[in-house]
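Next comes entry16.cif, with mmCIF, N, CA and C atoms and all ligand atoms.
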```cif
data_final
loop_
_atom_site.label_atom_id
_atom_site.label_comp_id
_atom_site.auth_asym_id
_atom_site.auth_seq_id
_atom_site.Cartn_x
_atom_site.Cartn_y
_atom_site.Cartn_z
N MET V 1 14.56 -10.02 48.76
CA MET V 1 14.31 -8.58 48.64
C MET V 1 15.30 -7.92 47.67
N ARG V 2 16.55 -8.32 47.80
CA ARG V 2 17.56 -7.72 46.90
C ARG V 2 17.27 -8.10 45.44
N GLY V 3 16.88 -9.37 45.27
CA GLY V 3 16.58 -9.85 43.92
C GLY V 3 15.46 -9.02 43.31
N TYR V 4 14.45 -8.71 44.10
CA TYR V 4 13.31 -7.95 43.64
C TYR V 4 13.74 -6.56 43.18
N GLN V 5 14.58 -5.93 44.01
CA GLN V 5 15.05 -4.60 43.63
C GLN V 5 15.84 -4.62 42.33
N HIS V 6 16.64 -5.67 42.21
CA HIS V 6 17.44 -5.79 40.99
C HIS V 6 16.53 -5.83 39.76
N CYS V 7 15.45 -6.58 39.90
CA CYS V 7 14.50 -6.70 38.81
C CYS V 7 13.93 -5.34 38.42
N LEU V 8 13.61 -4.55 39.45
CA LEU V 8 13.03 -3.23 39.18
C LEU V 8 14.00 -2.36 38.40
N VAL V 9 15.27 -2.44 38.76
CA VAL V 9 16.27 -1.64 38.06
C VAL V 9 16.34 -2.06 36.60
N VAL V 10 16.36 -3.36 36.37
CA VAL V 10 16.43 -3.85 34.99
C VAL V 10 15.21 -3.39 34.20
N LEU V 11 14.04 -3.50 34.84
CA LEU V 11 12.81 -3.08 34.17
C LEU V 11 12.88 -1.60 33.82
N GLY V 12 13.38 -0.79 34.79
CA GLY V 12 13.50 0.65 34.56
C GLY V 12 14.38 0.95 33.35
N LEU V 13 15.48 0.26 33.26
CA LEU V 13 16.40 0.49 32.14
C LEU V 13 15.75 0.09 30.82
N THR V 14 15.00 -1.01 30.86
CA THR V 14 14.34 -1.48 29.64
C THR V 14 13.34 -0.44 29.16
N LEU V 15 12.57 0.10 30.09
CA LEU V 15 11.57 1.10 29.71
C LEU V 15 12.24 2.35 29.14
N LEU V 16 13.35 2.74 29.76
CA LEU V 16 14.09 3.89 29.26
C LEU V 16 14.52 3.66 27.82
N GLY V 17 15.07 2.47 27.59
CA GLY V 17 15.53 2.13 26.25
C GLY V 17 14.40 2.19 25.26
N ALA V 18 13.22 1.67 25.64
CA ALA V 18 12.08 1.65 24.74
C ALA V 18 11.65 3.08 24.40
N ALA V 19 11.65 3.95 25.44
CA ALA V 19 11.23 5.32 25.22
C ALA V 19 12.18 6.03 24.26
N GLU V 20 13.47 5.77 24.44
CA GLU V 20 14.44 6.39 23.53
C GLU V 20 14.23 5.92 22.10
N GLY V 21 14.04 4.63 21.96
CA GLY V 21 13.87 4.07 20.63
C GLY V 21 12.68 4.66 19.92
N SER V 22 11.54 4.77 20.62
CA SER V 22 10.34 5.26 19.96
C SER V 22 10.43 6.76 19.68
N GLY V 23 11.27 7.45 20.49
CA GLY V 23 11.41 8.89 20.30
C GLY V 23 11.89 9.23 18.90
N GLN V 24 12.67 8.33 18.32
CA GLN V 24 13.23 8.63 17.01
C GLN V 24 12.20 8.51 15.89
N SER V 25 11.21 7.63 16.08
CA SER V 25 10.33 7.37 14.96
C SER V 25 9.03 8.18 15.01
N THR V 26 8.81 8.91 16.11
CA THR V 26 7.58 9.70 16.18
C THR V 26 7.77 11.01 15.42
N GLY V 27 6.71 11.77 15.29
CA GLY V 27 6.84 13.07 14.67
C GLY V 27 6.57 13.05 13.19
N ALA V 28 7.53 13.48 12.42
CA ALA V 28 7.37 13.71 10.98
C ALA V 28 6.67 12.56 10.25
N ALA V 29 5.90 12.92 9.24
CA ALA V 29 5.24 11.93 8.41
C ALA V 29 6.30 11.10 7.71
N LYS V 30 5.91 9.89 7.36
CA LYS V 30 6.86 9.02 6.65
C LYS V 30 7.33 9.65 5.36
N PRO V 31 8.58 9.48 5.05
CA PRO V 31 9.09 10.04 3.80
C PRO V 31 8.50 9.33 2.58
N ALA V 32 8.55 9.99 1.45
CA ALA V 32 8.03 9.41 0.22
C ALA V 32 8.86 8.20 -0.19
N GLY V 33 8.27 7.34 -0.98
CA GLY V 33 9.04 6.26 -1.57
C GLY V 33 8.96 4.95 -0.84
N GLY V 34 7.86 4.71 -0.09
CA GLY V 34 7.70 3.43 0.59
C GLY V 34 7.66 2.30 -0.42
N PRO V 35 8.50 1.30 -0.25
CA PRO V 35 8.48 0.17 -1.16
C PRO V 35 7.31 -0.78 -0.85
N VAL V 36 7.15 -1.78 -1.69
CA VAL V 36 5.98 -2.66 -1.62
C VAL V 36 6.33 -4.00 -0.97
N SER V 37 5.55 -4.37 0.02
CA SER V 37 5.72 -5.67 0.64
C SER V 37 5.23 -6.76 -0.31
N PRO V 38 6.07 -7.77 -0.60
CA PRO V 38 5.66 -8.84 -1.51
C PRO V 38 4.44 -9.60 -0.99
N VAL V 39 4.33 -9.73 0.33
CA VAL V 39 3.19 -10.43 0.92
C VAL V 39 1.90 -9.68 0.61
N GLN V 40 1.97 -8.37 0.78
CA GLN V 40 0.79 -7.54 0.54
C GLN V 40 0.44 -7.55 -0.96
N ALA V 41 1.46 -7.51 -1.80
CA ALA V 41 1.22 -7.55 -3.24
C ALA V 41 0.60 -8.87 -3.66
N ARG V 42 1.01 -9.95 -3.00
CA ARG V 42 0.43 -11.26 -3.35
C ARG V 42 -1.05 -11.31 -2.97
N ARG V 43 -1.38 -10.71 -1.83
CA ARG V 43 -2.81 -10.63 -1.47
C ARG V 43 -3.55 -9.81 -2.51
N GLY V 44 -2.89 -8.76 -2.99
CA GLY V 44 -3.50 -7.92 -4.02
C GLY V 44 -3.75 -8.68 -5.30
N GLU V 45 -2.83 -9.58 -5.62
CA GLU V 45 -3.00 -10.39 -6.83
C GLU V 45 -4.24 -11.28 -6.69
N THR V 46 -4.40 -11.86 -5.52
CA THR V 46 -5.58 -12.69 -5.27
C THR V 46 -6.86 -11.86 -5.40
N ALA V 47 -6.85 -10.68 -4.79
CA ALA V 47 -8.03 -9.81 -4.85
C ALA V 47 -8.31 -9.39 -6.29
N PHE V 48 -7.24 -9.10 -7.04
CA PHE V 48 -7.41 -8.70 -8.43
C PHE V 48 -8.06 -9.84 -9.22
N ASN V 49 -7.55 -11.05 -9.00
CA ASN V 49 -8.11 -12.20 -9.73
C ASN V 49 -9.58 -12.41 -9.39
N GLN V 50 -9.93 -12.14 -8.15
CA GLN V 50 -11.31 -12.35 -7.73
C GLN V 50 -12.23 -11.22 -8.20
N SER V 51 -11.74 -9.99 -8.15
CA SER V 51 -12.67 -8.86 -8.32
C SER V 51 -12.46 -8.02 -9.57
N CYS V 52 -11.37 -8.20 -10.26
CA CYS V 52 -11.06 -7.33 -11.39
C CYS V 52 -10.88 -8.07 -12.70
N SER V 53 -10.44 -9.31 -12.61
CA SER V 53 -10.00 -10.00 -13.83
C SER V 53 -11.14 -10.38 -14.76
N ALA V 54 -12.37 -10.27 -14.28
CA ALA V 54 -13.50 -10.53 -15.18
C ALA V 54 -13.50 -9.50 -16.31
N CYS V 55 -13.03 -8.30 -16.03
CA CYS V 55 -13.06 -7.23 -17.03
C CYS V 55 -11.68 -6.72 -17.45
N HIS V 56 -10.65 -7.05 -16.67
CA HIS V 56 -9.32 -6.51 -16.96
C HIS V 56 -8.28 -7.62 -17.02
N THR V 57 -7.25 -7.41 -17.85
CA THR V 57 -6.05 -8.22 -17.74
C THR V 57 -5.00 -7.38 -17.03
N THR V 58 -4.00 -8.03 -16.43
CA THR V 58 -2.96 -7.27 -15.76
C THR V 58 -2.14 -6.47 -16.78
N ALA V 59 -2.05 -6.99 -18.01
CA ALA V 59 -1.26 -6.31 -19.03
C ALA V 59 -1.73 -4.86 -19.21
N GLN V 60 -3.02 -4.66 -19.00
CA GLN V 60 -3.60 -3.33 -19.15
C GLN V 60 -3.00 -2.32 -18.17
N PHE V 61 -2.56 -2.83 -17.01
CA PHE V 61 -2.04 -1.93 -15.97
C PHE V 61 -0.53 -2.06 -15.79
N ASN V 62 0.07 -2.83 -16.65
CA ASN V 62 1.51 -3.02 -16.56
C ASN V 62 2.11 -2.34 -17.78
N SER V 63 2.20 -1.03 -17.71
CA SER V 63 2.57 -0.29 -18.92
C SER V 63 3.27 1.01 -18.57
N GLU V 64 3.97 1.52 -19.53
CA GLU V 64 4.62 2.81 -19.39
C GLU V 64 3.59 3.90 -19.06
N ALA V 65 2.44 3.82 -19.71
CA ALA V 65 1.42 4.84 -19.49
C ALA V 65 0.93 4.81 -18.03
N PHE V 66 0.70 3.60 -17.52
CA PHE V 66 0.24 3.48 -16.14
C PHE V 66 1.33 4.00 -15.20
N ALA V 67 2.56 3.58 -15.44
CA ALA V 67 3.66 3.99 -14.56
C ALA V 67 3.82 5.51 -14.57
N ARG V 68 3.72 6.09 -15.74
CA ARG V 68 3.86 7.55 -15.83
C ARG V 68 2.73 8.27 -15.09
N THR V 69 1.55 7.72 -15.21
CA THR V 69 0.40 8.37 -14.57
C THR V 69 0.52 8.35 -13.04
N TRP V 70 0.99 7.21 -12.49
CA TRP V 70 0.93 7.05 -11.04
C TRP V 70 2.25 7.16 -10.33
N ASN V 71 3.34 7.33 -11.06
CA ASN V 71 4.66 7.41 -10.45
C ASN V 71 4.75 8.50 -9.39
N GLU V 72 5.11 8.09 -8.18
CA GLU V 72 5.36 9.00 -7.06
C GLU V 72 4.22 9.95 -6.74
N ARG V 73 3.02 9.51 -7.04
CA ARG V 73 1.88 10.29 -6.55
C ARG V 73 1.40 9.64 -5.26
N PRO V 74 0.79 10.44 -4.36
CA PRO V 74 0.32 9.84 -3.11
C PRO V 74 -0.61 8.65 -3.42
N ILE V 75 -0.37 7.54 -2.74
CA ILE V 75 -1.14 6.32 -2.98
C ILE V 75 -2.63 6.57 -2.92
N ILE V 76 -3.02 7.54 -2.10
CA ILE V 76 -4.45 7.75 -1.88
C ILE V 76 -5.18 8.10 -3.18
N GLU V 77 -4.46 8.64 -4.15
CA GLU V 77 -5.14 9.06 -5.38
C GLU V 77 -5.67 7.87 -6.18
N LEU V 78 -4.83 6.87 -6.42
CA LEU V 78 -5.31 5.69 -7.13
C LEU V 78 -6.28 4.91 -6.24
N PHE V 79 -5.95 4.85 -4.96
CA PHE V 79 -6.80 4.15 -4.00
C PHE V 79 -8.23 4.68 -4.04
N GLU V 80 -8.37 6.00 -3.97
CA GLU V 80 -9.72 6.59 -3.96
C GLU V 80 -10.39 6.48 -5.32
N GLN V 81 -9.59 6.56 -6.39
CA GLN V 81 -10.19 6.40 -7.72
C GLN V 81 -10.80 5.01 -7.85
N LEU V 82 -10.06 4.00 -7.41
CA LEU V 82 -10.57 2.63 -7.51
C LEU V 82 -11.76 2.43 -6.60
N ARG V 83 -11.64 2.96 -5.40
CA ARG V 83 -12.70 2.75 -4.41
C ARG V 83 -14.02 3.37 -4.88
N SER V 84 -13.91 4.47 -5.63
CA SER V 84 -15.15 5.14 -6.04
C SER V 84 -15.66 4.65 -7.39
N SER V 85 -14.83 3.88 -8.14
CA SER V 85 -15.28 3.51 -9.48
C SER V 85 -15.19 2.03 -9.83
N MET V 86 -14.43 1.25 -9.05
CA MET V 86 -14.20 -0.16 -9.40
C MET V 86 -14.53 -1.10 -8.25
N PRO V 87 -14.98 -2.32 -8.46
CA PRO V 87 -15.35 -2.87 -9.76
C PRO V 87 -16.53 -2.09 -10.36
N GLN V 88 -16.48 -1.91 -11.66
CA GLN V 88 -17.44 -1.02 -12.29
C GLN V 88 -18.89 -1.40 -11.98
N ASP V 89 -19.13 -2.69 -11.82
CA ASP V 89 -20.51 -3.13 -11.55
C ASP V 89 -20.87 -3.08 -10.07
N ASN V 90 -19.91 -2.68 -9.22
CA ASN V 90 -20.21 -2.61 -7.78
C ASN V 90 -19.10 -1.85 -7.04
N PRO V 91 -18.94 -0.54 -7.32
CA PRO V 91 -17.84 0.22 -6.73
C PRO V 91 -17.88 0.22 -5.20
N GLY V 92 -16.71 0.16 -4.60
CA GLY V 92 -16.63 0.22 -3.14
C GLY V 92 -16.86 -1.12 -2.46
N ARG V 93 -17.00 -2.18 -3.24
CA ARG V 93 -17.34 -3.47 -2.66
C ARG V 93 -16.19 -4.07 -1.84
N LEU V 94 -14.96 -3.78 -2.23
CA LEU V 94 -13.82 -4.36 -1.51
C LEU V 94 -13.57 -3.62 -0.19
N THR V 95 -12.81 -4.24 0.69
CA THR V 95 -12.42 -3.56 1.93
C THR V 95 -11.28 -2.59 1.61
N ARG V 96 -11.01 -1.68 2.54
CA ARG V 96 -9.88 -0.75 2.35
C ARG V 96 -8.58 -1.53 2.20
N GLU V 97 -8.44 -2.58 2.99
CA GLU V 97 -7.23 -3.42 2.89
C GLU V 97 -7.10 -3.96 1.48
N GLU V 98 -8.21 -4.47 0.95
CA GLU V 98 -8.14 -5.08 -0.38
C GLU V 98 -7.82 -4.06 -1.47
N TYR V 99 -8.41 -2.89 -1.38
CA TYR V 99 -8.09 -1.85 -2.38
C TYR V 99 -6.60 -1.50 -2.32
N LEU V 100 -6.10 -1.36 -1.09
CA LEU V 100 -4.67 -1.04 -0.97
C LEU V 100 -3.81 -2.18 -1.50
N ASP V 101 -4.17 -3.41 -1.18
CA ASP V 101 -3.41 -4.56 -1.67
C ASP V 101 -3.38 -4.56 -3.20
N VAL V 102 -4.53 -4.28 -3.82
CA VAL V 102 -4.60 -4.26 -5.28
C VAL V 102 -3.71 -3.15 -5.84
N VAL V 103 -3.78 -1.97 -5.24
CA VAL V 103 -2.94 -0.86 -5.69
C VAL V 103 -1.46 -1.27 -5.63
N LEU V 104 -1.06 -1.90 -4.52
CA LEU V 104 0.35 -2.27 -4.37
C LEU V 104 0.74 -3.37 -5.34
N TYR V 105 -0.21 -4.25 -5.63
CA TYR V 105 0.05 -5.28 -6.65
C TYR V 105 0.30 -4.61 -8.00
N LEU V 106 -0.54 -3.67 -8.36
CA LEU V 106 -0.36 -2.98 -9.64
C LEU V 106 0.96 -2.20 -9.66
N PHE V 107 1.33 -1.61 -8.53
CA PHE V 107 2.60 -0.89 -8.46
C PHE V 107 3.78 -1.85 -8.60
N LYS V 108 3.63 -3.03 -8.02
CA LYS V 108 4.71 -4.01 -8.14
C LYS V 108 4.89 -4.42 -9.60
N LEU V 109 3.78 -4.60 -10.30
CA LEU V 109 3.85 -4.93 -11.73
C LEU V 109 4.60 -3.84 -12.49
N ASN V 110 4.55 -2.63 -11.98
CA ASN V 110 5.18 -1.50 -12.65
C ASN V 110 6.55 -1.15 -12.06
N GLY V 111 7.17 -2.16 -11.46
CA GLY V 111 8.57 -2.00 -11.09
C GLY V 111 8.84 -1.39 -9.72
N ALA V 112 7.84 -1.29 -8.85
CA ALA V 112 8.09 -0.75 -7.52
C ALA V 112 9.06 -1.65 -6.76
N ALA V 113 9.93 -1.05 -5.97
CA ALA V 113 10.90 -1.82 -5.19
C ALA V 113 10.18 -2.60 -4.09
N GLU V 114 10.81 -3.71 -3.68
CA GLU V 114 10.24 -4.51 -2.60
C GLU V 114 10.74 -4.04 -1.24
N GLY V 115 9.87 -4.16 -0.25
CA GLY V 115 10.27 -3.84 1.12
C GLY V 115 9.55 -4.77 2.06
N VAL V 116 10.00 -4.84 3.30
CA VAL V 116 9.39 -5.81 4.21
C VAL V 116 8.12 -5.29 4.85
N GLN V 117 8.04 -3.97 5.01
CA GLN V 117 6.95 -3.45 5.82
C GLN V 117 5.64 -3.29 5.05
N GLU V 118 4.56 -3.82 5.63
CA GLU V 118 3.25 -3.64 5.02
C GLU V 118 2.73 -2.24 5.32
N LEU V 119 1.97 -1.69 4.40
CA LEU V 119 1.35 -0.39 4.63
C LEU V 119 -0.05 -0.60 5.20
N ALA V 120 -0.45 0.31 6.07
CA ALA V 120 -1.80 0.25 6.62
C ALA V 120 -2.70 1.14 5.78
N PRO V 121 -3.97 0.74 5.57
CA PRO V 121 -4.85 1.51 4.69
C PRO V 121 -5.48 2.71 5.38
N THR V 122 -4.68 3.46 6.15
CA THR V 122 -5.23 4.63 6.81
C THR V 122 -5.01 5.86 5.92
N GLU V 123 -5.91 6.81 6.08
CA GLU V 123 -5.84 8.07 5.35
C GLU V 123 -4.43 8.67 5.44
N GLU V 124 -3.90 8.67 6.65
CA GLU V 124 -2.60 9.31 6.90
C GLU V 124 -1.47 8.65 6.12
N VAL V 125 -1.42 7.33 6.19
CA VAL V 125 -0.36 6.59 5.48
C VAL V 125 -0.53 6.74 3.98
N LEU V 126 -1.77 6.64 3.50
CA LEU V 126 -2.00 6.71 2.06
C LEU V 126 -1.64 8.08 1.50
N ARG V 127 -1.86 9.11 2.30
CA ARG V 127 -1.49 10.46 1.85
C ARG V 127 0.02 10.67 1.86
N ALA V 128 0.67 10.07 2.85
CA ALA V 128 2.09 10.34 3.04
C ALA V 128 3.00 9.46 2.18
N THR V 129 2.43 8.40 1.59
CA THR V 129 3.30 7.47 0.88
C THR V 129 3.20 7.61 -0.63
N LYS V 130 4.36 7.75 -1.24
CA LYS V 130 4.45 7.82 -2.70
C LYS V 130 5.42 6.74 -3.12
N ILE V 131 5.11 6.04 -4.18
CA ILE V 131 5.97 4.94 -4.59
C ILE V 131 6.52 5.17 -5.98
N LYS V 132 7.80 4.92 -6.06
CA LYS V 132 8.51 5.12 -7.32
C LYS V 132 8.24 3.95 -8.26
N LEU V 133 7.76 4.25 -9.45
CA LEU V 133 7.52 3.22 -10.46
C LEU V 133 8.58 3.32 -11.54
N LYS V 134 8.58 2.30 -12.39
CA LYS V 134 9.62 2.25 -13.41
C LYS V 134 9.18 3.04 -14.64
N VAL V 135 9.78 4.20 -14.81
CA VAL V 135 9.50 4.99 -16.01
C VAL V 135 10.81 5.26 -16.72
N THR V 136 10.77 5.12 -18.03
CA THR V 136 11.98 5.40 -18.80
C THR V 136 11.90 6.85 -19.28
N ASN V 137 13.00 7.53 -19.19
CA ASN V 137 12.97 8.95 -19.57
C ASN V 137 13.54 9.17 -20.96
C1 LIG X 201 -17.60 -5.29 -14.55
C2 LIG X 201 -16.38 -4.96 -15.23
C3 LIG X 201 -15.24 -4.36 -14.41
C4 LIG X 201 -14.71 -4.83 -13.23
C5 LIG X 201 -15.11 -6.06 -12.43
C6 LIG X 201 -13.61 -3.94 -12.92
N1 LIG X 201 -13.49 -2.97 -13.87
FE1 LIG X 201 -12.06 -1.52 -13.98
N2 LIG X 201 -12.93 -0.74 -15.62
C7 LIG X 201 -14.01 -1.29 -16.28
C8 LIG X 201 -14.33 -0.46 -17.43
C9 LIG X 201 -15.45 -0.72 -18.43
C10 LIG X 201 -13.39 0.61 -17.42
C11 LIG X 201 -13.25 1.72 -18.45
C12 LIG X 201 -14.29 2.76 -18.26
C13 LIG X 201 -14.01 3.64 -17.11
O1 LIG X 201 -12.90 4.20 -17.02
O2 LIG X 201 -14.91 3.79 -16.26
C14 LIG X 201 -12.52 0.39 -16.28
C15 LIG X 201 -11.47 1.21 -15.94
C16 LIG X 201 -10.54 0.93 -14.95
C17 LIG X 201 -9.37 1.72 -14.68
C18 LIG X 201 -8.96 2.97 -15.41
C19 LIG X 201 -8.20 2.53 -16.61
C20 LIG X 201 -7.59 3.66 -17.35
O3 LIG X 201 -6.84 3.34 -18.29
O4 LIG X 201 -7.87 4.81 -17.04
C21 LIG X 201 -8.71 1.12 -13.66
C22 LIG X 201 -7.39 1.55 -13.01
C23 LIG X 201 -9.48 -0.04 -13.28
N3 LIG X 201 -10.60 -0.12 -14.09
C24 LIG X 201 -9.14 -0.91 -12.27
C25 LIG X 201 -9.97 -1.93 -11.81
C26 LIG X 201 -9.68 -2.73 -10.64
C27 LIG X 201 -8.41 -2.60 -9.79
C28 LIG X 201 -10.71 -3.59 -10.49
C29 LIG X 201 -10.90 -4.59 -9.36
C30 LIG X 201 -10.98 -4.03 -8.03
C31 LIG X 201 -11.65 -3.34 -11.59
N4 LIG X 201 -11.17 -2.34 -12.35
C32 LIG X 201 -12.81 -4.08 -11.79
C33 LIG X 201 -14.69 -2.43 -15.93
C34 LIG X 201 -14.47 -3.18 -14.79
#
```
Please render this file's structure as structure tokens.
Ligand code: HEC
Amino acid sequence: MRGYQHCLVVLGLTLLGAAEGSGQSTGAAKPAGGPVSPVQARRGETAFNQSCSACHTTAQFNSEAFARTWNERPIIELFEQLRSSMPQDNPGRLTREEYLDVVLYLFKLNGAAEGVQELAPTEEVLRATKIKLKVTN
């Protein structure tokens, strides 16, 4: 009986700790400047090779002009542009995950910093996340 009670106390403390921990991360939208997960970018490279490379080379999107256009703009802007127009012969064919992976791959080509956390292709995350690209001033 005593052992059982002890367990309950430990469980209670664990739950308290968890609640405190999550309290810090709820609320405000994620700050701008989410870096790119290399794993997600690699998936994007695969998707690009499968769905984009018939008409595009990566060199086309690895440029000062591209970086200037998309630097620190909400990810959703390029995401929605691609989703509504590319691949040109079948727009919208990729999944949301794949479009996001491709966007992050292109951002990585343009000097985006690496980070461990993958981004989810939700409206909320895409609106709240802006990524810094390499632009020379
Ligand atoms: C069947 C050929 C074809 C495929 C496949 C294709 N594109 Fe395109 N893409 C084009 C053409 C043609 C244009 C230029 C005309 C236009 O802007 O609509 C273009 C334009 C673009 C632009 C705008 C370029 C700029 O300088 O403004 C982006 C970005 C782009 N494509 C990305 C992609 C991505 C990412 C994929 C894969 C998911 C893809 N495209 C697949 C033909 C294609």
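All residues that come within 6.5 Å of the coordinates (9.2, 1.0, -1.8), counting only N, CA and C atoms, are given as Gly33, Gly34, Pro35, Val36, Ala112, Ala113, Glu114, Gly115, Ile131 and Lys132 of chain V.
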Could you tell me, counting only C-alpha atoms and all ligand atoms, which protein and nucleic acid residues lie no more than 9 Å from ligand LIG 201 (chain X), written as number ranges by chain?
V: 47-56, 60-61, 65-66, 78, 81-83, 85-94, 98-99, 102-103, 106
Those of segment 43-125 of chain V in DSSP alpha helix (DSSP H), formatted as a ChimeraX atom specification:
/V:43-51,64-70,75-85,96-109,123-125
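If all atoms listed in the file are the atoms counted, then among V:Glu124, V:Trp70, V:Gln117, V:Arg43 the closest residue to Glu97 of chain V is V:Arg43.
One distance worth recording is that between atom CA of Leu104 of chain V and atom N of Ala41 of chain V, which is 5.9 Å.
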Closest of V:Leu119, V:Val39, V:Ala67, V:Ile76 to Leu133 of chain V - atom-to-atom distances counting only C-alpha atoms
V:Ala67
Do you have the atom CA of Thr46 of chain V-atom CA of Thr122 of chain V distance handy?
21.1 Å
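For the pair atom N of Arg96 of chain V and atom CA of Glu123 of chain V, the interatomic distance is 11.4 Å.
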Considering all atoms listed in the file, can you say which of V:Lys130, V:Gly111, V:Val125, V:Asn137 comes closest to Asn62 of chain V?
V:Gly111
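Nearest residue to Arg42 of chain V among V:Lys108, V:Glu64, V:Ser84, V:Thr58 is V:Lys108, counting only C-alpha atoms.
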Segment 101-112 of chain V, all listed atoms, 4 Å padding on each side: what axis-aligned box centre and edge lengths in Å to one decimal come out, as AutoDock Vina command-line options?
```
--center_x 2.2 --center_y -3.0 --center_z -6.9 --size_x 21.7 --size_y 12.5 --size_z 19.5
```
